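Visitor: To start, I am sharing the structure in question, which I have written as structure tokens.
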Amino acid sequence: MTVLVLTSAEDVTADMVIDRLAAMNVPVLRIDPAGFPHQVTLTAAYTSGALTGSITAGRRTVDLREIRSIWVRRPGTPGSGAQIQPRWVAAESDHAWYGTLRALPGVRWMNPPDAAAACRYKMRQLVLAQAAGLRVPATVFTTVPADAKRFADDHGPLVCKSVSGRSPDDPPLALPTTAVPGDADFASVTEAPTCLQTRIDKHADVRLTVVGSETFCARTDHEPTDGGECRELDWRYTDPQSVRWRAVRVPSHIQPKIDAFMKTAGLAYGAFDFAVAAEDTWYFLECNASGQFGFIELGTGLPVSQTIADWLAAG
Amino acid sequence: MATVGCSRLAEGHSSGNGSIDGPNPTIISICERETVIAERLAAQCHGHAEPRAWHAADTVMDTPPQRPSDAREGHHFDTHGKTMQPFALTYAQPPIPEPETPYAYDPEQQVNLLADGSVAVRNRALLLACGATTSTAGSKTHFDD
């Protein structure tokens, strides 16, 4: 039985798990679907009520019936880079690739593709989190300047963040969560949907990583500035060396809410971000279905990669 | 919005600008055969339109910032006649460079190896130092997560 890992070659975080699987003598096939159909080949046949076939990458071939679990880490897009009819080739490749994998019976997915895709939508996350009992900051998506202004009046001070979590790429830019000045002119929210959210007066950030039924919690505390405000508004964009993560226990009242979120979202893996305010009040910010975990493991020693390997091998 | 027309009609359209419902109605262009009339209309637009003159339609089409082609594509302009960037991008920063990584992918072992052939992820100090496992690593092609 084989674990199929879908990710790019440069994804060294995936190596942390693959190295563990190798030590466990679990067969692994690592593939970037972006290489399909030229560097990676697939034949899938459905005949006489049975799905058979194989996937080959380089000198490695796996029988489709041998795949026991699939880890969707950071895959490229199937059929990328075709010279002739590129969009059509990409569509054909996507349907052949994921259509086949989705049809495999009895396979465990981390994460199921539909669940992961649905979890990318921030507003849905907020609704699920609130329903699970987590505290959520007031948030608005808007393209109407007057509504943005009204939200600022009612729920400020605010931060602005990306709706999708994607960085602009033409030209490439970074878009950290940023404080919105009190006198901001919202006229240009007409140009793209804008996500505004109440700024949490946080004392700490928490990255909580869920793998199956296991939860790994890491916290970084912030020193206030001279003005009393939290210095680190978005730890993702600060010098990684300056952010000190430490392993902490998950508060007993938070764990069942995390479990409820994971169950409703249909996820096997999730990396949650919380802002922790006064009196240890946790505010849900987001859940990343493909969230990075290497920096947490390296910084705290929490055994995330081994737990992922165990989960994949248990399929 | 562009005001196209001859004297009185164009004047009527431009003066009606303030009564249009919706955000920031802005006159970006006035087309008028008589330069004097065009300049007078532009002056009445309270700074919305620059008093510049073109004498051929194809020149107008090629001359920023008051580009009719932008107007057709739904671009918006601020009071200086420039295209507005999305609000969120007000806070954009230069991208974080992808980390320099002293290893390369080995398809045989299916992991990244250091120059001495050892598995890169077993060198935790190196991984921490190069930052390749952080939340923004790979942002060029994936989400910051």
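We label chains A, B, ... in the order they appear in the structure tokens, count residues from 1 in each chain, and number ligands from 1 in the order shown.
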Using only C-alpha atoms and a cut-off of 6 Å, which residues of chain A sit close to chain B? Please list them as a PyMOL selection string.
Guide: chain A and resi 9+13+15-16+165-166+173-175+188-189+191-192+236+288+291-292+294-295
Visitor: Find the residues near Asp273 (chain A): any atom within 8 Å, counting only C-alpha atoms, skip ones fewer than 2 places away on the same chain, and give them as a PyMOL selection string.
Guide: chain A and resi 205-208+271+275+284-287
Visitor: Could you pull out the strand (DSSP E) residues of region 7-241 of chain A from DSSP and send them as a PyMOL selection string?
Guide: chain A and resi 7+28-31+40-47+50-57+60-63+67-74+108-110+139-142+158-161+178-180+194-198+204-211+214-221
Visitor: When distances are computed from only C-alpha atoms, which of A:Asp221, A:Arg60, A:Leu21, A:Ala44 shows the smallest separation from Arg102 (chain A)?
Guide: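 Result for the nearest residue to Arg102 (chain A): A:Ala44.
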Visitor: With only C-alpha atoms as the counted atoms, please give the residues lying no more than 12 Å from Asp147 (chain A), apart from itself and same-chain residues fewer than 3 positions off, as number ranges by chain.
Guide: A: 140-144, 150-155, 185-187, 189-190, 194-196; B: 23
Visitor: Between CA of Val5 (chain A) and CA of Pro97 (chain B), what distance in Å does the model show, to one decimal?
Guide: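 Straight-line distance from CA of Val5 (chain A) to CA of Pro97 (chain B) works out to 26.2 Å.
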Visitor: Separation of CA of Ala129 (chain A) and CA of Leu267 (chain A), in Å?
Guide: 13.4 Å
Visitor: Grab the CA of Gly79 (chain A) to CA of His38 (chain A) distance for me, in Å with one decimal place.
Guide: 8.3 Å
Visitor: Fewer than 2 positions away in the same chain doesn't count, so skip those; otherwise give me all residues within 12 Å of Ser54 (chain A), counting only C-alpha atoms, as a ChimeraX atom specification.
Guide: /A:29,40-45,51-52,56-57,60-67,97,100-101,104
Visitor: Once DSSP has gone over the backbone, tell me which residues of region 69-220 of chain A are in helix (DSSP H, G or I), as JSON, numbers by chain.
Guide: {"A": [86, 87, 88, 89, 90, 91, 92, 93, 94, 95, 96, 97, 98, 99, 100, 101, 102, 103, 113, 114, 115, 116, 117, 118, 122, 123, 124, 125, 126, 127, 128, 129, 130, 131, 145, 146, 147, 148, 149, 150, 151, 152, 153, 154, 155, 187, 188, 189, 190, 191]}
